[in-house]
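K.L.:
This is the structure, below, for whatever I ask next.
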Amino acid sequence: MSQHVDETTEGPGGPPAPPADTEPKPAESVFAGPYRALTFGVILAVGMVAFESLGVATVLPDIARKLDGLGAYGWGLSALMLANIIGTVLAGRSADRVGPWRAALVGMAIFALGCAVAGAATSWPLFLLGRFAQGLGVGAVMAMAYTVIGLAYPQHLRARMFALLSSAWTIPSLIGPVLAGTLADATTWRAVFLLMLPLIVIAAALTLPGLHKLNRPRDAGATAAGTPELPWRKGPLAGAILLTAGTGLLLQALLLKNFALLVPLALLGVAIAVPALRQVTPKGTLSARPGLGAGIAIRGLLCGVYFGSEAFLPLGLQELHGVSAAQAGLGLSTGAITWVLGSALQAKRDGRGQGSRTGSVALGFIVLLAGVAVIALAILVESVPSWIAVAGWGIGGIGMGIAFNAATTETMEQAPAQRQGEVSGALQLAQTLATGLIAGLGGAAIAIAQHYDADIRTALFSIFALTGALALSGVLLARRLPAARVPADARQ
């Protein structure tokens, strides 16, 4: 099945057309002529999101203290991640219908609005409103990025593109946390959000022209034409809204001190969220069915471990070790850079056909678990120097890069062309839901510690224990990544 970019591989003045029974020589690089502009555009868009993510994570403890939001610290990340669910689902389905250009345009505009609101906020609720708007935009941009890889690049270049998406975090990793911390220490945390506005304009100008040339899969229209339209209440938008509302209700309930309210509200949140999650993800996701279901579940576990641990790394270093925001940001930088290294290593192994992706995912989870253990030790034990946490998160980043690349490549290769947007959206949804959920649970642990006058060290211990347990679960689940074989006589 040919893809859109195949139509542009022949240029005027090129060699004569090959015989009918041969194929043109495939491009050997994602920076070759037909892919060059699109590759740069996608990398720039993802880099923009990376800069915001790492920068805000670094200064979030300072923001929470100054806006009196430390008791609801987890919402600083969860608000963005839960909104990300809506943006991801809508953008993924929109890409399948009309291509990724429209979703990217709207997503970048909303992202810019969210940055302006958060940067001007004078209260914690208003800041969270800005974070929610940012999340809508981030979801659209990231879903667009993964959809484009499945639609525009041939199979032999996809692993390389996934590695480059990780590499798009390199420069933001080097300068984002340190720059954000330095700005917050020297001026104000608001400068981090104001700095994002011109970057968004530049990224849009360089990305959107390339996306405009990329349409939906040729057979997607036929698939859509043969599928009856679902009622709005059963559609992806309703499911995304219910999932966001149910998860948000659960997380807010966990912040309450009154158990008579906490328990019923938490159960109601779960009752709303679980059916909605089934509605917006492919069948088999919740049961981690071998193949696509397991791939999406593994993405959720990976991001719950990595981002859930990382969310509390700056807070732990600043609150328990007294380091500055810029120094705490070094941990985020180290983890993001080694993620790129791990992803590049896996891409190289994949290109050479060395080892199985299942083994790489299991190995990545084990290395990531080691990183969580090291940062927990360095943060929680006062006598351990803070730089050990930075080194530990470097270990975690390597594991994340290996497992993330292997799991994503394997999952997207199992998705048919007409479902690339749906599956890429589900992967991103699993990432954002897991990150927001673990961050919210961590915020609840901090709130509980404050309710009962416990040390924040106790709350952080429970967070790292949870993410460590999730990493162990990922090691066991990795073997389900390959699709189950169906007997010939059972196929329809």
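Chain labels run A, B, ... following the order of the structure tokens; each chain numbers its residues from 1, and ligands are numbered from 1 in the order shown.
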Give me, as a tab-separated table, the closest atom pair and its distance (Å, one decimal) for every residue of segment 375-436 of chain A within a cut-off of 10 Å of segment 280-285 of chain A, counting only C-alpha atoms, rows sorted by chain and rising number.
P.N.:
```
residue	atom	partner	partner_atom	distance
A:Arg419	CA	A:Pro282	CA	9.9
A:Glu422	CA	A:Pro282	CA	8.1
A:Val423	CA	A:Pro282	CA	7.4
A:Gly425	CA	A:Thr281	CA	8.6
A:Ala426	CA	A:Thr281	CA	5.6
A:Leu427	CA	A:Thr281	CA	8.8
A:Leu429	CA	A:Thr281	CA	8.4
A:Ala430	CA	A:Thr281	CA	8.8
```
K.L.:
Would you mind exporting the chosen residues as an mmCIF file, in the first residue's frame, restricted to all heavy atoms?
P.N.:
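File produced: selection-v3.cif:
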```cif
data_model
loop_
_atom_site.group_PDB
_atom_site.id
_atom_site.type_symbol
_atom_site.label_atom_id
_atom_site.label_comp_id
_atom_site.auth_asym_id
_atom_site.auth_seq_id
_atom_site.Cartn_x
_atom_site.Cartn_y
_atom_site.Cartn_z
ATOM 1 N N ARG A 419 -5.959 3.242 10.666
ATOM 2 C CA ARG A 419 -6.119 3.414 12.110
ATOM 3 C C ARG A 419 -4.887 4.050 12.753
ATOM 4 O O ARG A 419 -4.761 4.048 13.971
ATOM 5 C CB ARG A 419 -6.398 2.057 12.775
ATOM 6 C CG ARG A 419 -7.711 1.417 12.371
ATOM 7 C CD ARG A 419 -7.943 0.142 13.156
ATOM 8 N NE ARG A 419 -8.077 0.396 14.579
ATOM 9 C CZ ARG A 419 -7.966 -0.563 15.518
ATOM 10 N NH1 ARG A 419 -7.705 -1.808 15.167
ATOM 11 N NH2 ARG A 419 -8.114 -0.251 16.786
ATOM 12 N N GLU A 422 -5.939 6.803 15.137
ATOM 13 C CA GLU A 422 -6.590 6.274 16.338
ATOM 14 C C GLU A 422 -5.575 5.666 17.303
ATOM 15 O O GLU A 422 -5.608 5.927 18.511
ATOM 16 C CB GLU A 422 -7.611 5.202 15.942
ATOM 17 C CG GLU A 422 -8.281 4.532 17.126
ATOM 18 C CD GLU A 422 -9.061 3.292 16.745
ATOM 19 O OE1 GLU A 422 -9.132 2.972 15.543
ATOM 20 O OE2 GLU A 422 -9.590 2.619 17.659
ATOM 21 N N VAL A 423 -4.655 4.850 16.765
ATOM 22 C CA VAL A 423 -3.686 4.176 17.631
ATOM 23 C C VAL A 423 -2.675 5.166 18.198
ATOM 24 O O VAL A 423 -2.326 5.112 19.384
ATOM 25 C CB VAL A 423 -2.981 3.038 16.869
ATOM 26 C CG1 VAL A 423 -1.860 2.429 17.703
ATOM 27 C CG2 VAL A 423 -3.986 1.951 16.488
ATOM 28 N N GLY A 425 -3.200 8.276 18.725
ATOM 29 C CA GLY A 425 -3.935 9.020 19.739
ATOM 30 C C GLY A 425 -4.096 8.230 21.026
ATOM 31 O O GLY A 425 -3.993 8.776 22.124
ATOM 32 N N ALA A 426 -4.336 6.906 20.898
ATOM 33 C CA ALA A 426 -4.480 6.063 22.086
ATOM 34 C C ALA A 426 -3.167 5.959 22.850
ATOM 35 O O ALA A 426 -3.156 5.936 24.086
ATOM 36 C CB ALA A 426 -4.963 4.670 21.675
ATOM 37 N N LEU A 427 -2.052 5.876 22.128
ATOM 38 C CA LEU A 427 -0.748 5.849 22.788
ATOM 39 C C LEU A 427 -0.510 7.140 23.571
ATOM 40 O O LEU A 427 -0.064 7.118 24.726
ATOM 41 C CB LEU A 427 0.367 5.654 21.760
ATOM 42 C CG LEU A 427 0.507 4.264 21.152
ATOM 43 C CD1 LEU A 427 1.487 4.293 19.982
ATOM 44 C CD2 LEU A 427 0.972 3.259 22.198
ATOM 45 N N LEU A 429 -2.800 9.180 24.599
ATOM 46 C CA LEU A 429 -3.770 9.236 25.684
ATOM 47 C C LEU A 429 -3.282 8.434 26.887
ATOM 48 O O LEU A 429 -3.381 8.872 28.032
ATOM 49 C CB LEU A 429 -5.122 8.713 25.197
ATOM 50 C CG LEU A 429 -6.287 8.782 26.185
ATOM 51 C CD1 LEU A 429 -7.596 8.987 25.431
ATOM 52 C CD2 LEU A 429 -6.391 7.507 27.026
ATOM 53 N N ALA A 430 -2.764 7.226 26.619
ATOM 54 C CA ALA A 430 -2.243 6.407 27.713
ATOM 55 C C ALA A 430 -1.112 7.121 28.432
ATOM 56 O O ALA A 430 -1.004 7.071 29.672
ATOM 57 C CB ALA A 430 -1.755 5.062 27.170
#
```
K.L.:
Taking 5 positions as the minimum chain separation for residues in the same chain, which residues sit within 12 Å of Ala103 of chain A when counting only C-alpha atoms? Answer as a count of residues only.
P.N.:
33
K.L.:
Just want the 10 Å neighbourhood of Phe162 of chain A, counted on only C-alpha atoms, with same-chain residues fewer than 6 positions away dropped. Output as a list in words.
P.N.:
Ala145, Tyr146, Ile149, Ala168, Ser343, Ala344, Ala347, Phe404, Asn405, Ala406, Thr408 and Thr409 of chain A
K.L.:
Skip Leu315 of chain A itself and residues of its chain fewer than 2 positions away, then list as a ChimeraX atom specification all residues within 9 Å of it, counting only C-alpha atoms.
P.N.:
/A:58,60-61,311-313,317-320,328
K.L.:
Take the residues from that selection and write them out as an mmCIF file, in the first residue's frame, keeping all heavy atoms.
P.N.:
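Generated output (part.cif):
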```
data_model
loop_
_atom_site.group_PDB
_atom_site.id
_atom_site.type_symbol
_atom_site.label_atom_id
_atom_site.label_comp_id
_atom_site.auth_asym_id
_atom_site.auth_seq_id
_atom_site.Cartn_x
_atom_site.Cartn_y
_atom_site.Cartn_z
ATOM 1 N N THR A 58 10.454 22.400 36.238
ATOM 2 C CA THR A 58 11.547 22.900 37.068
ATOM 3 C C THR A 58 11.078 23.976 38.042
ATOM 4 O O THR A 58 11.482 23.993 39.212
ATOM 5 C CB THR A 58 12.670 23.473 36.179
ATOM 6 O OG1 THR A 58 13.136 22.450 35.295
ATOM 7 C CG2 THR A 58 13.834 23.972 37.013
ATOM 8 N N LEU A 60 7.839 24.665 38.896
ATOM 9 C CA LEU A 60 6.528 24.440 39.493
ATOM 10 C C LEU A 60 6.539 24.528 41.026
ATOM 11 O O LEU A 60 5.589 25.073 41.610
ATOM 12 C CB LEU A 60 5.968 23.086 39.035
ATOM 13 C CG LEU A 60 4.510 22.809 39.394
ATOM 14 C CD1 LEU A 60 3.589 23.879 38.814
ATOM 15 C CD2 LEU A 60 4.093 21.424 38.899
ATOM 16 N N PRO A 61 7.562 24.007 41.727
ATOM 17 C CA PRO A 61 7.562 24.198 43.185
ATOM 18 C C PRO A 61 7.518 25.671 43.590
ATOM 19 O O PRO A 61 6.805 26.039 44.531
ATOM 20 C CB PRO A 61 8.874 23.531 43.626
ATOM 21 C CG PRO A 61 9.135 22.496 42.579
ATOM 22 C CD PRO A 61 8.674 23.133 41.294
ATOM 23 N N ALA A 311 8.132 14.137 38.065
ATOM 24 C CA ALA A 311 7.335 15.278 38.521
ATOM 25 C C ALA A 311 7.706 15.724 39.925
ATOM 26 O O ALA A 311 7.571 16.909 40.262
ATOM 27 C CB ALA A 311 5.844 14.914 38.467
ATOM 28 N N PHE A 312 8.188 14.782 40.741
ATOM 29 C CA PHE A 312 8.490 15.108 42.135
ATOM 30 C C PHE A 312 9.990 15.174 42.416
ATOM 31 O O PHE A 312 10.387 15.388 43.561
ATOM 32 C CB PHE A 312 7.809 14.091 43.055
ATOM 33 C CG PHE A 312 6.318 14.138 42.940
ATOM 34 C CD1 PHE A 312 5.644 13.325 42.047
ATOM 35 C CD2 PHE A 312 5.588 15.041 43.693
ATOM 36 C CE1 PHE A 312 4.270 13.391 41.913
ATOM 37 C CE2 PHE A 312 4.210 15.121 43.575
ATOM 38 C CZ PHE A 312 3.540 14.288 42.677
ATOM 39 N N LEU A 313 10.790 15.024 41.378
ATOM 40 C CA LEU A 313 12.237 15.152 41.541
ATOM 41 C C LEU A 313 12.636 16.581 41.919
ATOM 42 O O LEU A 313 13.348 16.780 42.915
ATOM 43 C CB LEU A 313 12.951 14.688 40.264
ATOM 44 C CG LEU A 313 14.469 14.826 40.215
ATOM 45 C CD1 LEU A 313 15.126 14.056 41.351
ATOM 46 C CD2 LEU A 313 15.003 14.355 38.867
ATOM 47 N N LEU A 317 14.175 17.700 45.696
ATOM 48 C CA LEU A 317 15.497 18.318 45.824
ATOM 49 C C LEU A 317 15.407 19.704 46.463
ATOM 50 O O LEU A 317 16.255 20.077 47.273
ATOM 51 C CB LEU A 317 16.161 18.411 44.450
ATOM 52 C CG LEU A 317 16.633 17.090 43.836
ATOM 53 C CD1 LEU A 317 17.167 17.309 42.423
ATOM 54 C CD2 LEU A 317 17.705 16.437 44.703
ATOM 55 N N GLN A 318 14.380 20.469 46.101
ATOM 56 C CA GLN A 318 14.267 21.823 46.641
ATOM 57 C C GLN A 318 13.777 21.830 48.091
ATOM 58 O O GLN A 318 14.259 22.601 48.912
ATOM 59 C CB GLN A 318 13.329 22.650 45.755
ATOM 60 C CG GLN A 318 13.892 22.930 44.362
ATOM 61 C CD GLN A 318 12.956 23.743 43.489
ATOM 62 O OE1 GLN A 318 12.480 24.804 43.877
ATOM 63 N NE2 GLN A 318 12.683 23.256 42.291
ATOM 64 N N GLU A 319 12.816 20.961 48.416
ATOM 65 C CA GLU A 319 12.243 20.958 49.751
ATOM 66 C C GLU A 319 13.138 20.250 50.774
ATOM 67 O O GLU A 319 13.240 20.696 51.915
ATOM 68 C CB GLU A 319 10.860 20.288 49.724
ATOM 69 C CG GLU A 319 9.803 21.079 48.977
ATOM 70 C CD GLU A 319 9.436 22.374 49.690
ATOM 71 O OE1 GLU A 319 9.307 22.355 50.932
ATOM 72 O OE2 GLU A 319 9.270 23.397 48.996
ATOM 73 N N LEU A 320 13.774 19.144 50.383
ATOM 74 C CA LEU A 320 14.533 18.348 51.345
ATOM 75 C C LEU A 320 16.036 18.599 51.306
ATOM 76 O O LEU A 320 16.731 18.326 52.288
ATOM 77 C CB LEU A 320 14.263 16.858 51.117
ATOM 78 C CG LEU A 320 12.807 16.403 51.307
ATOM 79 C CD1 LEU A 320 12.680 14.915 51.076
ATOM 80 C CD2 LEU A 320 12.297 16.778 52.698
ATOM 81 N N ALA A 328 18.049 22.048 40.560
ATOM 82 C CA ALA A 328 17.098 20.936 40.487
ATOM 83 C C ALA A 328 16.786 20.575 39.042
ATOM 84 O O ALA A 328 16.540 19.407 38.719
ATOM 85 C CB ALA A 328 15.812 21.309 41.221
#
```
K.L.:
As a ChimeraX atom specification, which residues of segment 154-306 of chain A does DSSP assign to alpha helix (DSSP H)?
P.N.:
/A:155-167,170-186,190-212,220-225,236-253,259-280,292-306
K.L.:
Between A:Gly397, A:Pro172, A:Gly41, A:Pro100, which is the closest to Gly150 of chain A once you count only C-alpha atoms?
P.N.:
A:Pro100
K.L.:
By how many Å are atom CA of Thr458 of chain A and atom CA of Leu380 of chain A apart?
P.N.:
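For atom CA of Thr458 of chain A relative to atom CA of Leu380 of chain A, the distance reads 8.6 Å.
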K.L.:
Can you work out which one of A:Pro416, A:Gly119, A:Gly442, A:Gly353 has the shortest atom-to-atom distance to His156 of chain A, counting only C-alpha atoms?
P.N.:
A:Gly353
K.L.:
Between A:Gln420, A:Ile366, A:Ser356, A:Trp75, which has the minimum distance to Gly99 of chain A (counting only C-alpha atoms)?
P.N.:
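The answer is A:Gln420, which sits nearest to Gly99 of chain A.
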K.L.:
What lies within 12 Å of Leu164 of chain A using only C-alpha atoms, ignoring chain neighbours under 3 positions off, as a ChimeraX atom specification?
P.N.:
/A:29-31,39-44,46-47,145-146,149,157-161,167-170,339-347,401,405
K.L.:
Interatomic distance between atom CA of Thr247 of chain A and atom CA of Ala273 of chain A?
P.N.:
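Atom CA of Ala273 of chain A lies at a distance of 5.8 Å from atom CA of Thr247 of chain A.
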K.L.:
Could you tell me how far atom CA of Phe51 of chain A sits from atom CA of Ala336 of chain A, in Å to one decimal place?
P.N.:
11.0 Å
K.L.:
Can you tell me which residues surround segment 190-193 of chain A at a distance of at most 7 Å, considering only C-alpha atoms, apart from same-chain residues fewer than 4 positions away, and format the answer as an MDAnalysis selection string?
P.N.:
chainID A and resid 55 115:116 119:120 180 183
K.L.:
Just the selected residues (N, CA, C and O atoms), exported as a PDB file, in the first residue's frame, please.
P.N.:
```
ATOM      1  N   GLY A  55      10.694  23.087  31.328  1.00  0.00           N
ATOM      2  CA  GLY A  55      10.823  24.368  32.004  1.00  0.00           C
ATOM      3  C   GLY A  55       9.833  24.532  33.140  1.00  0.00           C
ATOM      4  O   GLY A  55      10.195  24.929  34.250  1.00  0.00           O
ATOM      5  N   CYS A 115      -0.511  29.399  27.577  1.00  0.00           N
ATOM      6  CA  CYS A 115       0.732  29.970  28.111  1.00  0.00           C
ATOM      7  C   CYS A 115       0.506  31.398  28.587  1.00  0.00           C
ATOM      8  O   CYS A 115       1.041  31.808  29.633  1.00  0.00           O
ATOM      9  N   ALA A 116      -0.271  32.180  27.834  1.00  0.00           N
ATOM     10  CA  ALA A 116      -0.527  33.566  28.222  1.00  0.00           C
ATOM     11  C   ALA A 116      -1.326  33.633  29.527  1.00  0.00           C
ATOM     12  O   ALA A 116      -1.018  34.441  30.415  1.00  0.00           O
ATOM     13  N   GLY A 119       0.903  32.428  32.497  1.00  0.00           N
ATOM     14  CA  GLY A 119       1.946  33.395  32.806  1.00  0.00           C
ATOM     15  C   GLY A 119       1.425  34.638  33.496  1.00  0.00           C
ATOM     16  O   GLY A 119       2.170  35.301  34.222  1.00  0.00           O
ATOM     17  N   ALA A 120       0.145  34.969  33.284  1.00  0.00           N
ATOM     18  CA  ALA A 120      -0.428  36.160  33.900  1.00  0.00           C
ATOM     19  C   ALA A 120      -1.219  35.849  35.171  1.00  0.00           C
ATOM     20  O   ALA A 120      -1.753  36.760  35.802  1.00  0.00           O
ATOM     21  N   ALA A 180      14.966  27.922  32.596  1.00  0.00           N
ATOM     22  CA  ALA A 180      13.755  28.218  33.363  1.00  0.00           C
ATOM     23  C   ALA A 180      14.097  28.497  34.827  1.00  0.00           C
ATOM     24  O   ALA A 180      13.576  29.445  35.428  1.00  0.00           O
ATOM     25  N   LEU A 183      15.808  31.922  35.059  1.00  0.00           N
ATOM     26  CA  LEU A 183      14.844  33.006  34.904  1.00  0.00           C
ATOM     27  C   LEU A 183      14.019  33.198  36.178  1.00  0.00           C
ATOM     28  O   LEU A 183      13.779  34.321  36.623  1.00  0.00           O
TER      29      LEU A 183
END
```
K.L.:
Need the shell around Ile456 of chain A: protein/DNA/RNA residues with any atom at most 12 Å away, counting only C-alpha atoms. Skip same-chain ones fewer than 2 positions apart. Format as JSON, numbers by chain?
P.N.:
{"A": [70, 71, 312, 315, 316, 317, 318, 319, 320, 379, 380, 442, 443, 444, 445, 446, 447, 448, 449, 450, 451, 452, 453, 454, 458, 459, 460, 461, 462, 463]}
K.L.:
Would you mind exporting N, CA and C atoms of the selected residues as a short mmCIF file (atom, residue, chain, number, x, y, z; two decimals), in the first residue's frame?
P.N.:
```cif
data_model
loop_
_atom_site.label_atom_id
_atom_site.label_comp_id
_atom_site.auth_asym_id
_atom_site.auth_seq_id
_atom_site.Cartn_x
_atom_site.Cartn_y
_atom_site.Cartn_z
N LEU A 70 0.65 24.60 47.11
CA LEU A 70 1.43 23.42 47.44
C LEU A 70 0.54 22.27 47.89
N GLY A 71 -0.60 22.58 48.55
CA GLY A 71 -1.50 21.52 48.98
C GLY A 71 -2.19 20.81 47.84
N PHE A 312 8.19 14.78 40.74
CA PHE A 312 8.49 15.11 42.13
C PHE A 312 9.99 15.17 42.42
N LEU A 315 10.78 18.93 43.27
CA LEU A 315 10.18 19.24 44.56
C LEU A 315 10.99 18.62 45.70
N GLY A 316 11.38 17.36 45.54
CA GLY A 316 12.16 16.69 46.57
C GLY A 316 13.51 17.34 46.79
N LEU A 317 14.18 17.70 45.70
CA LEU A 317 15.50 18.32 45.82
C LEU A 317 15.41 19.70 46.46
N GLN A 318 14.38 20.47 46.10
CA GLN A 318 14.27 21.82 46.64
C GLN A 318 13.78 21.83 48.09
N GLU A 319 12.82 20.96 48.42
CA GLU A 319 12.24 20.96 49.75
C GLU A 319 13.14 20.25 50.77
N LEU A 320 13.77 19.14 50.38
CA LEU A 320 14.53 18.35 51.35
C LEU A 320 16.04 18.60 51.31
N ILE A 379 17.06 11.42 47.39
CA ILE A 379 16.15 12.46 47.88
C ILE A 379 15.74 12.22 49.33
N LEU A 380 15.45 10.97 49.66
CA LEU A 380 14.88 10.66 50.97
C LEU A 380 15.91 10.55 52.08
N GLY A 442 0.33 11.49 43.63
CA GLY A 442 1.43 12.05 44.41
C GLY A 442 1.03 13.32 45.12
N GLY A 443 0.28 14.18 44.41
CA GLY A 443 -0.22 15.39 45.05
C GLY A 443 -1.14 15.08 46.21
N ALA A 444 -1.96 14.01 46.05
CA ALA A 444 -2.83 13.60 47.15
C ALA A 444 -2.01 13.11 48.34
N ALA A 445 -0.91 12.41 48.06
CA ALA A 445 -0.05 11.95 49.16
C ALA A 445 0.52 13.13 49.94
N ILE A 446 0.89 14.19 49.22
CA ILE A 446 1.41 15.39 49.89
C ILE A 446 0.32 16.05 50.71
N ALA A 447 -0.91 16.12 50.14
CA ALA A 447 -2.02 16.73 50.87
C ALA A 447 -2.34 15.94 52.13
N ILE A 448 -2.33 14.62 52.05
CA ILE A 448 -2.59 13.79 53.22
C ILE A 448 -1.52 14.01 54.28
N ALA A 449 -0.28 14.11 53.83
CA ALA A 449 0.81 14.37 54.78
C ALA A 449 0.59 15.69 55.51
N GLN A 450 0.10 16.71 54.78
CA GLN A 450 -0.17 18.00 55.42
C GLN A 450 -1.36 17.91 56.38
N HIS A 451 -2.39 17.13 55.99
CA HIS A 451 -3.56 16.99 56.86
C HIS A 451 -3.18 16.43 58.23
N TYR A 452 -2.24 15.49 58.23
CA TYR A 452 -1.91 14.78 59.47
C TYR A 452 -0.53 15.17 60.01
N ASP A 453 -0.04 16.34 59.56
CA ASP A 453 1.23 16.89 60.06
C ASP A 453 2.40 15.93 59.88
N ALA A 454 2.39 15.18 58.80
CA ALA A 454 3.49 14.25 58.50
C ALA A 454 4.54 14.97 57.65
N THR A 458 7.67 11.38 53.83
CA THR A 458 6.78 10.21 53.81
C THR A 458 5.97 10.16 52.53
N ALA A 459 5.45 11.31 52.10
CA ALA A 459 4.68 11.36 50.86
C ALA A 459 5.54 10.99 49.66
N LEU A 460 6.75 11.52 49.60
CA LEU A 460 7.63 11.22 48.48
C LEU A 460 8.01 9.74 48.45
N PHE A 461 8.20 9.14 49.63
CA PHE A 461 8.50 7.71 49.68
C PHE A 461 7.36 6.90 49.05
N SER A 462 6.12 7.26 49.35
CA SER A 462 4.99 6.51 48.79
C SER A 462 4.91 6.68 47.28
N ILE A 463 5.28 7.86 46.78
CA ILE A 463 5.26 8.09 45.33
C ILE A 463 6.27 7.21 44.62
#
```
